[in-house]
$ cat input.txt   # compact mmCIF, C-alpha atoms
# COMPACT_ATOMS: atom_id res chain seq x y z
CA MET A 1 7.13 -7.08 21.18
CA LYS A 2 6.11 -5.17 24.25
CA ALA A 3 3.07 -6.35 26.22
CA GLU A 4 2.08 -2.74 26.84
CA TYR A 5 1.07 -2.44 23.17
CA ALA A 6 -2.03 -4.49 24.04
CA ASN A 7 -3.78 -2.00 26.33
CA PRO A 8 -4.21 0.84 23.79
CA PHE A 9 -5.85 -1.62 21.37
CA ILE A 10 -8.14 -3.03 24.08
CA THR A 11 -9.26 0.47 25.06
CA ALA A 12 -9.64 1.56 21.42
CA ALA A 13 -11.63 -1.55 20.42
CA ILE A 14 -14.06 -1.32 23.34
CA THR A 15 -14.60 2.44 22.79
CA THR A 16 -15.01 2.13 19.02
CA PHE A 17 -17.51 -0.76 19.24
CA GLN A 18 -19.54 1.26 21.71
CA LYS A 19 -19.49 4.53 19.75
CA GLU A 20 -19.72 3.20 16.19
CA LEU A 21 -21.85 0.09 16.66
CA ARG A 22 -23.55 0.61 20.05
CA VAL A 23 -22.26 -2.87 20.94
CA SER A 24 -20.51 -3.85 24.18
CA LEU A 25 -17.24 -5.67 23.60
CA ASN A 26 -15.81 -7.90 26.32
CA ARG A 27 -12.26 -9.23 26.54
CA ASN A 28 -12.02 -12.98 26.22
CA SER A 29 -8.36 -13.99 26.09
CA LEU A 30 -4.84 -12.79 25.39
CA GLY A 31 -2.19 -15.00 23.80
CA VAL A 32 1.20 -14.78 22.13
CA LYS A 33 2.10 -16.32 18.76
CA GLU A 34 4.83 -16.10 16.12
CA SER A 35 3.00 -14.13 13.42
CA PRO A 36 -0.27 -12.18 13.02
CA VAL A 37 -2.03 -14.87 10.95
CA PRO A 38 -5.79 -14.46 11.52
CA SER A 39 -7.96 -17.36 12.67
CA LYS A 40 -11.32 -16.31 11.19
CA ASP A 41 -12.89 -15.90 7.70
CA VAL A 42 -12.48 -12.15 7.23
CA ALA A 43 -9.12 -10.44 7.79
CA ILE A 44 -8.37 -6.72 7.72
CA ILE A 45 -4.68 -5.85 7.54
CA ILE A 46 -3.27 -2.46 8.48
CA GLY A 47 0.43 -1.58 8.17
CA VAL A 48 2.04 0.62 10.80
CA THR A 49 5.15 2.84 10.49
CA GLY A 50 6.79 5.55 12.58
CA MET A 51 7.44 5.21 16.31
CA VAL A 52 6.40 1.54 16.03
CA LYS A 53 6.41 -0.62 12.91
CA GLY A 54 4.62 -3.76 11.80
CA GLN A 55 1.13 -5.05 11.11
CA VAL A 56 -2.18 -5.17 12.93
CA VAL A 57 -4.54 -7.85 11.64
CA TYR A 58 -8.20 -7.82 12.64
CA SER A 59 -10.27 -10.94 12.12
CA MET A 60 -13.90 -12.04 12.42
CA ASP A 61 -16.35 -14.50 10.87
CA ASP A 62 -18.53 -13.57 7.86
CA ASN A 63 -21.69 -13.24 9.93
CA VAL A 64 -19.94 -10.91 12.39
CA ALA A 65 -18.68 -8.75 9.50
CA PHE A 66 -22.27 -8.47 8.21
CA ALA A 67 -23.48 -7.58 11.71
CA VAL A 68 -20.84 -4.82 11.88
CA ALA A 69 -22.17 -3.32 8.63
CA LYS A 70 -25.75 -3.60 9.90
CA ALA A 71 -24.89 -1.85 13.16
CA MET A 72 -22.87 0.83 11.38
CA LEU A 73 -25.60 1.54 8.82
CA PRO A 74 -28.96 1.07 10.54
CA GLY A 75 -31.94 1.10 8.20
CA LYS A 76 -30.11 -0.17 5.10
CA LEU A 77 -31.48 -3.19 3.25
CA PRO A 78 -29.62 -6.54 3.47
CA ALA A 79 -28.58 -6.46 -0.22
CA GLU A 80 -27.04 -3.02 0.21
CA LEU A 81 -25.37 -4.04 3.48
CA ARG A 82 -23.72 -7.03 1.77
CA LYS A 83 -22.07 -4.66 -0.74
CA LEU A 84 -20.87 -2.41 2.07
CA THR A 85 -19.59 -5.06 4.48
CA ASN A 86 -15.93 -4.80 3.43
CA SER A 87 -16.06 -1.02 3.68
CA ALA A 88 -17.65 -1.23 7.15
CA VAL A 89 -15.10 -3.63 8.62
CA SER A 90 -12.25 -1.66 7.00
CA GLU A 91 -13.45 1.53 8.62
CA LEU A 92 -13.93 -0.20 11.98
CA ALA A 93 -10.31 -1.45 11.85
CA ASN A 94 -9.08 1.95 10.68
CA ILE A 95 -10.75 3.73 13.59
CA ILE A 96 -9.52 1.23 16.21
CA THR A 97 -5.95 1.47 14.88
CA GLY A 98 -6.18 5.26 14.77
CA GLN A 99 -7.44 5.46 18.35
CA ALA A 100 -4.76 3.04 19.60
CA SER A 101 -2.10 5.07 17.74
CA ILE A 102 -3.18 8.25 19.51
CA ILE A 103 -2.61 6.52 22.88
CA LEU A 104 0.68 4.89 21.82
CA ALA A 105 2.15 8.02 20.22
CA GLY A 106 1.46 10.21 23.26
CA GLU A 107 2.43 13.86 23.09
CA LYS A 108 5.46 13.90 20.83
CA GLN A 109 5.73 10.76 18.71
CA LYS A 110 4.11 10.02 15.35
CA ILE A 111 2.62 6.81 13.99
CA ASP A 112 1.34 6.42 10.42
CA ILE A 113 -1.09 3.73 9.33
CA THR A 114 -1.83 2.38 5.84
CA PRO A 115 -5.34 2.14 4.40
CA PRO A 116 -6.89 -1.22 5.43
CA ALA A 117 -6.76 -4.21 3.10
CA VAL A 118 -9.62 -6.73 3.46
CA PHE A 119 -9.30 -10.44 2.66
CA CYS A 120 -12.24 -12.83 2.76
CA GLY A 121 -11.36 -16.49 3.15
CA GLY A 122 -7.99 -16.08 1.43
CA ALA A 123 -5.79 -14.83 4.20
CA SER A 124 -3.84 -18.12 4.24
CA ARG A 125 -2.23 -17.08 0.93
CA ILE A 126 -0.82 -13.84 2.35
CA ASP A 127 2.74 -13.45 3.59
CA PHE A 128 2.36 -12.15 7.09
CA LEU A 129 5.26 -10.72 9.06
CA SER A 130 7.26 -13.20 11.07
CA LEU A 131 7.08 -11.20 14.24
CA GLN A 132 6.02 -12.06 17.76
CA THR A 133 2.34 -11.21 17.98
CA ILE A 134 -0.11 -10.46 20.77
CA CYS A 135 -3.48 -12.02 19.96
CA LEU A 136 -6.45 -10.40 21.69
CA SER A 137 -9.85 -12.00 21.46
CA PHE A 138 -13.16 -10.39 22.38
CA LEU A 139 -16.76 -11.50 22.74
CA SER A 140 -19.88 -9.46 22.01
CA GLU A 141 -23.58 -9.90 21.28
CA ILE A 142 -22.79 -9.91 17.52
CA GLY A 143 -20.06 -12.56 17.85
CA SER A 144 -16.32 -12.82 18.46
CA PHE A 145 -13.60 -10.50 17.21
CA GLU A 146 -9.83 -10.86 17.15
CA ILE A 147 -6.92 -8.40 16.99
CA ASN A 148 -3.39 -9.62 16.16
CA ILE A 149 -0.79 -7.00 17.07
CA ALA A 150 2.68 -7.49 15.53
CA LEU A 151 4.59 -4.31 16.32
CA THR A 152 8.18 -3.52 17.11
CA GLU A 153 10.26 -0.42 17.82
CA GLU A 154 13.26 -1.91 15.94
CA MET B 1 -27.25 26.60 -0.04
CA LYS B 2 -23.55 26.02 0.62
CA LYS B 3 -22.09 22.97 -1.08
CA GLY B 4 -19.59 20.45 0.23
CA LEU B 5 -17.21 17.82 -1.09
CA ILE B 6 -16.81 14.61 0.95
CA VAL B 7 -13.43 12.85 0.71
CA ASP B 8 -13.00 9.42 2.32
CA ASP B 9 -11.83 6.05 1.00
CA ALA B 10 -14.55 4.19 2.96
CA ALA B 11 -17.97 4.12 1.31
CA VAL B 12 -19.66 3.74 4.71
CA MET B 13 -18.05 6.91 5.98
CA ARG B 14 -18.94 8.88 2.84
CA MET B 15 -22.53 7.65 3.23
CA ARG B 16 -22.64 8.62 6.88
CA LEU B 17 -21.19 12.10 6.26
CA ARG B 18 -23.66 12.62 3.41
CA ASP B 19 -26.54 11.64 5.74
CA ILE B 20 -25.33 14.10 8.38
CA LEU B 21 -24.62 17.03 6.06
CA SER B 22 -27.32 16.76 3.41
CA SER B 23 -30.04 18.19 5.67
CA LYS B 24 -28.27 21.57 5.66
CA TYR B 25 -25.90 21.51 2.71
CA GLU B 26 -25.78 20.43 -0.91
CA ILE B 27 -23.30 17.62 -1.49
CA ALA B 28 -21.39 18.52 -4.66
CA GLY B 29 -19.58 15.19 -4.82
CA GLU B 30 -17.73 12.36 -3.11
CA ALA B 31 -14.06 11.49 -3.69
CA GLU B 32 -12.28 8.25 -2.70
CA ASN B 33 -8.75 9.67 -2.56
CA GLY B 34 -6.80 12.91 -2.59
CA ARG B 35 -6.22 12.97 -6.33
CA GLN B 36 -9.93 12.66 -7.08
CA ALA B 37 -10.61 15.32 -4.46
CA ILE B 38 -8.42 17.92 -6.20
CA THR B 39 -10.02 17.17 -9.59
CA MET B 40 -13.52 17.40 -8.14
CA TYR B 41 -12.66 20.61 -6.30
CA ARG B 42 -11.55 22.21 -9.59
CA ASN B 43 -14.80 21.09 -11.27
CA HIS B 44 -17.31 21.89 -8.52
CA LYS B 45 -15.64 24.70 -6.51
CA PRO B 46 -17.33 23.58 -3.26
CA ASP B 47 -17.69 25.90 -0.26
CA PHE B 48 -16.15 23.30 2.05
CA VAL B 49 -14.40 19.92 2.05
CA THR B 50 -14.37 17.10 4.62
CA MET B 51 -11.03 15.31 4.19
CA ASP B 52 -9.94 11.87 5.44
CA ILE B 53 -6.17 11.31 5.81
CA SER B 54 -5.37 7.60 5.39
CA MET B 55 -6.22 6.93 1.71
CA ALA B 56 -4.51 5.10 -1.14
CA GLU B 57 -3.06 6.89 -4.20
CA MET B 58 -2.91 10.35 -2.55
CA ASN B 59 -3.52 10.77 1.17
CA GLY B 60 -5.49 13.59 2.74
CA MET B 61 -2.46 15.52 4.00
CA GLU B 62 -0.99 15.65 0.48
CA ALA B 63 -4.37 16.62 -0.96
CA LEU B 64 -4.72 19.39 1.64
CA THR B 65 -1.31 20.78 0.64
CA GLY B 66 -2.27 20.66 -3.05
CA LEU B 67 -5.66 22.25 -2.52
CA ILE B 68 -4.38 25.14 -0.39
CA ALA B 69 -1.55 25.79 -2.88
CA GLU B 70 -4.06 26.08 -5.75
CA PHE B 71 -7.02 27.50 -3.79
CA PRO B 72 -5.69 29.38 -0.74
CA ASP B 73 -9.22 30.14 0.49
CA ALA B 74 -10.35 26.48 0.43
CA LYS B 75 -12.18 25.55 3.63
CA VAL B 76 -11.00 22.05 4.55
CA VAL B 77 -12.06 20.15 7.68
CA MET B 78 -10.05 17.01 8.36
CA VAL B 79 -12.15 13.99 9.43
CA SER B 80 -9.79 11.17 10.29
CA ALA B 81 -9.03 8.30 12.66
CA VAL B 82 -5.36 9.34 12.50
CA GLY B 83 -5.59 12.12 15.04
CA GLN B 84 -2.33 12.17 16.97
CA LYS B 85 -1.15 15.59 18.11
CA ALA B 86 1.57 15.66 15.47
CA GLN B 87 -0.95 15.10 12.68
CA VAL B 88 -3.48 17.58 14.06
CA PHE B 89 -0.82 20.31 14.26
CA GLU B 90 0.52 19.40 10.81
CA ALA B 91 -2.94 19.67 9.22
CA LEU B 92 -3.79 22.96 10.94
CA GLY B 93 -0.36 24.27 9.95
CA LYS B 94 -1.03 23.37 6.32
CA GLY B 95 -4.29 25.33 6.34
CA ALA B 96 -7.04 22.97 7.56
CA LYS B 97 -9.75 24.86 9.46
CA ASP B 98 -10.63 22.08 11.92
CA PHE B 99 -9.78 18.48 12.76
CA ILE B 100 -12.46 15.92 13.70
CA ILE B 101 -11.24 12.61 15.08
CA LYS B 102 -13.22 9.45 14.28
CA PRO B 103 -15.36 8.13 15.85
CA PHE B 104 -17.43 11.32 15.94
CA GLU B 105 -20.90 12.46 16.87
CA PRO B 106 -22.98 14.04 14.04
CA GLU B 107 -23.29 17.28 16.01
CA ARG B 108 -19.51 17.70 16.01
CA VAL B 109 -19.44 17.58 12.20
CA LEU B 110 -22.33 20.04 11.79
CA LEU B 111 -20.75 22.43 14.29
CA ALA B 112 -17.41 22.36 12.47
CA ILE B 113 -19.04 23.22 9.14
CA GLU B 114 -21.27 25.94 10.64
CA ARG B 115 -18.19 27.61 12.16
CA LEU B 116 -16.60 27.88 8.71
CA PHE B 117 -19.20 30.43 7.65
CA GLU B 118 -19.55 32.53 10.80

$ encode --input "input.txt" --output "structure tokens"
Amino acid sequence: MKAEYANPFITAAITTFQKELRVSLNRNSLGVKESPVPSKDVAIIIGVTGMVKGQVVYSMDDNVAFAVAKAMLPGKLPAELRKLTNSAVSELANIITGQASIILAGEKQKIDITPPAVFCGGASRIDFLSLQTICLSFLSEIGSFEINIALTEE
Amino acid sequence: MKKGLIVDDAAVMRMRLRDILSSKYEIAGEAENGRQAITMYRNHKPDFVTMDISMAEMNGMEALTGLIAEFPDAKVVMVSAVGQKAQVFEALGKGAKDFIIKPFEPERVLLAIERLFE
């Protein structure tokens, strides 16, 4: 796991929160762990293949996921937002991963990403990769947000 | 009024594209994956398509290939987060008319569709 994989995700997350949600995201901490197991209620898993391979797992609490939907779809009623929360956080993760992939791939390489899979409260039952993971945590006015990056060139 | 088909696996993105486009265009339908998109294209014969790439069942690149093979004049604009140079060139090479990278501004989408009919 290369430490330089972190910067494209930091840049992509801050840019995407600003453009999609109009929310400022601030870096909190950076750690290393043995797998991308998320620490919060809602997990969004995206598989990565091509120049780099592995998983990126986004994680946030329920109330933050709802706030993401609210910011993404201003003017919608709470009942409608609750139905769209999984779709909103999936799309947020998809855009961040896409933006980070553009930076990582550069001019000549190619990275493919899978459609996001969302898990609410049940992520402990999932088999995550056993791969050294960079864990980025962020703070914002809508709450905290985590990105677990488990990528390798092998 | 020209009519469009919106293809994206995320309901929020389909909703947002509908909000942006519906002031100027009729929305003929919304598809969640490439397979649905091809079926809906056959049924509705839209004037343009906005096509996501990363989707389950059939992705947008495969759907683009299928659509252009069956309808060579189809006007497809890719709207995707997966916008590396390799993918942009691949899509344009397969017949897409434009490539919008998410996140996008509404004006960028409207401009891309307007250009299709100039």

$ closest_atom_pairs --input "input.txt" --of "chain B" --to "chain A" --cutoff "8 Å" --atoms "all atoms listed in the file" --output "JSON lines"
{"residue": "B:Ala10", "atom": "CA", "partner": "A:Ser87", "partner_atom": "CA", "distance": 5.5}
{"residue": "B:Ala11", "atom": "CA", "partner": "A:Ser87", "partner_atom": "CA", "distance": 6.0}
{"residue": "B:Val12", "atom": "CA", "partner": "A:Ala88", "partner_atom": "CA", "distance": 5.9}
{"residue": "B:Met13", "atom": "CA", "partner": "A:Glu91", "partner_atom": "CA", "distance": 7.6}
{"residue": "B:Arg16", "atom": "CA", "partner": "A:Leu73", "partner_atom": "CA", "distance": 7.9}
{"residue": "B:Ser54", "atom": "CA", "partner": "A:Pro115", "partner_atom": "CA", "distance": 5.5}
{"residue": "B:Met55", "atom": "CA", "partner": "A:Pro115", "partner_atom": "CA", "distance": 5.6}
{"residue": "B:Ala56", "atom": "CA", "partner": "A:Pro115", "partner_atom": "CA", "distance": 6.3}
{"residue": "B:Ala81", "atom": "CA", "partner": "A:Gly98", "partner_atom": "CA", "distance": 4.7}
{"residue": "B:Val82", "atom": "CA", "partner": "A:Gly98", "partner_atom": "CA", "distance": 4.7}
{"residue": "B:Gly83", "atom": "CA", "partner": "A:Ile102", "partner_atom": "CA", "distance": 6.4}
{"residue": "B:Gln84", "atom": "CA", "partner": "A:Ile102", "partner_atom": "CA", "distance": 4.7}
{"residue": "B:Lys85", "atom": "CA", "partner": "A:Glu107", "partner_atom": "CA", "distance": 6.4}
{"residue": "B:Ala86", "atom": "CA", "partner": "A:Lys110", "partner_atom": "CA", "distance": 6.2}
{"residue": "B:Gln87", "atom": "CA", "partner": "A:Lys110", "partner_atom": "CA", "distance": 7.7}
{"residue": "B:Lys102", "atom": "CA", "partner": "A:Ile95", "partner_atom": "CA", "distance": 6.3}
{"residue": "B:Pro103", "atom": "CA", "partner": "A:Glu20", "partner_atom": "CA", "distance": 6.6}

$ residues_near_point --input "input.txt" --point "(-16.1, 28.1, 11.4)" --cutoff "10 Å" --atoms "all atoms listed in the file" --output "list in words"
Lys75, Val77, Lys97, Asp98, Leu111, Ala112, Ile113, Glu114, Arg115, Leu116, Phe117 and Glu118 of chain B

$ axis_aligned_box --input "input.txt" --around "segment 97-106 of chain B" --padding-each-side "3 Å" --output "JSON"
{"center_x": -16.4, "center_y": 16.5, "center_z": 13.2, "size_x": 19.2, "size_y": 22.7, "size_z": 13.4}

$ residues_around --input "input.txt" --residues "segment 27-43 of chain A" --least-positions-apart "2" --cutoff "8 Å" --atoms "only C-alpha atoms" --output "PyMOL selection string"
chain A and resi 10+25+45+55-62+65+118-124+128-139+146+148-150

$ atom_distance --input "input.txt" --atom1 "atom CA of Ile53 of chain B" --atom2 "atom CA of Leu151 of chain A"
21.7 Å

$ closest_residue --input "input.txt" --among "B:Glu90, B:Asp19, B:Glu30, B:Asp47" --to "Leu64 of chain B" --atoms "all atoms listed in the file"
B:Glu90

$ atom_distance --input "input.txt" --atom1 "atom CA of Met40 of chain B" --atom2 "atom CA of Ala28 of chain B"
8.7 Å

$ closest_residue --input "input.txt" --among "B:Val79, B:Ala63, B:Met15, B:Leu21" --to "Ala37 of chain B" --atoms "only C-alpha atoms"
B:Ala63

$ decode --input "input.txt" --residues "segment 126-151 of chain A" --atoms "N, CA and C atoms" --output "tab-separated table (two decimals), in the first residue's frame"
chain	number	residue	atom	x	y	z
A	126	ILE	N	-19.61	-8.67	6.47
A	126	ILE	CA	-19.01	-8.72	5.13
A	126	ILE	C	-17.55	-9.15	5.23
A	127	ASP	N	-17.11	-9.92	4.22
A	127	ASP	CA	-15.69	-10.29	4.16
A	127	ASP	C	-14.92	-9.18	3.43
A	128	PHE	N	-14.22	-8.39	4.21
A	128	PHE	CA	-13.42	-7.35	3.59
A	128	PHE	C	-12.06	-7.92	3.20
A	129	LEU	N	-11.40	-7.27	2.28
A	129	LEU	CA	-10.05	-7.69	1.89
A	129	LEU	C	-9.14	-7.62	3.11
A	130	SER	N	-8.18	-8.54	3.13
A	130	SER	CA	-7.15	-8.45	4.15
A	130	SER	C	-5.96	-7.75	3.50
A	131	LEU	N	-6.00	-6.46	3.53
A	131	LEU	CA	-5.00	-5.68	2.81
A	131	LEU	C	-4.73	-4.40	3.60
A	132	GLN	N	-3.47	-4.06	3.71
A	132	GLN	CA	-3.11	-2.86	4.46
A	132	GLN	C	-3.91	-1.66	3.93
A	133	THR	N	-4.49	-0.92	4.86
A	133	THR	CA	-5.48	0.10	4.50
A	133	THR	C	-5.10	1.45	5.10
A	134	ILE	N	-5.25	2.48	4.28
A	134	ILE	CA	-5.11	3.85	4.80
A	134	ILE	C	-6.51	4.31	5.20
A	135	CYS	N	-6.65	4.76	6.43
A	135	CYS	CA	-7.95	5.24	6.92
A	135	CYS	C	-7.88	6.76	7.07
A	136	LEU	N	-8.68	7.44	6.26
A	136	LEU	CA	-8.74	8.91	6.31
A	136	LEU	C	-10.02	9.30	7.03
A	137	SER	N	-9.93	10.20	7.99
A	137	SER	CA	-11.18	10.69	8.58
A	137	SER	C	-11.26	12.21	8.39
A	138	PHE	N	-12.51	12.64	8.22
A	138	PHE	CA	-12.79	14.06	7.92
A	138	PHE	C	-13.87	14.55	8.87
A	139	LEU	N	-13.88	15.86	9.09
A	139	LEU	CA	-14.94	16.51	9.86
A	139	LEU	C	-15.62	17.55	8.98
A	140	SER	N	-16.94	17.73	9.22
A	140	SER	CA	-17.65	18.77	8.48
A	140	SER	C	-18.82	19.23	9.34
A	141	GLU	N	-19.53	20.26	8.86
A	141	GLU	CA	-20.69	20.76	9.61
A	141	GLU	C	-21.82	19.74	9.68
A	142	ILE	N	-21.84	18.75	8.77
A	142	ILE	CA	-22.91	17.73	8.82
A	142	ILE	C	-22.45	16.48	9.56
A	143	GLY	N	-21.21	16.45	10.03
A	143	GLY	CA	-20.73	15.30	10.80
A	143	GLY	C	-19.45	14.73	10.22
A	144	SER	N	-19.02	13.56	10.75
A	144	SER	CA	-17.74	13.01	10.32
A	144	SER	C	-17.93	11.96	9.22
A	145	PHE	N	-16.86	11.73	8.49
A	145	PHE	CA	-16.89	10.93	7.27
A	145	PHE	C	-15.55	10.21	7.19
A	146	GLU	N	-15.59	8.95	6.75
A	146	GLU	CA	-14.36	8.15	6.76
A	146	GLU	C	-14.14	7.49	5.40
A	147	ILE	N	-12.90	7.43	4.96
A	147	ILE	CA	-12.57	6.70	3.72
A	147	ILE	C	-11.47	5.69	4.05
A	148	ASN	N	-11.74	4.42	3.76
A	148	ASN	CA	-10.75	3.35	3.96
A	148	ASN	C	-10.25	2.91	2.58
A	149	ILE	N	-8.96	3.12	2.34
A	149	ILE	CA	-8.40	2.86	1.01
A	149	ILE	C	-7.50	1.62	1.09
A	150	ALA	N	-7.95	0.52	0.47
A	150	ALA	CA	-7.16	-0.72	0.45
A	150	ALA	C	-6.84	-1.03	-1.00
A	151	LEU	N	-5.74	-0.49	-1.49
A	151	LEU	CA	-5.38	-0.65	-2.90
A	151	LEU	C	-3.96	-1.16	-3.02
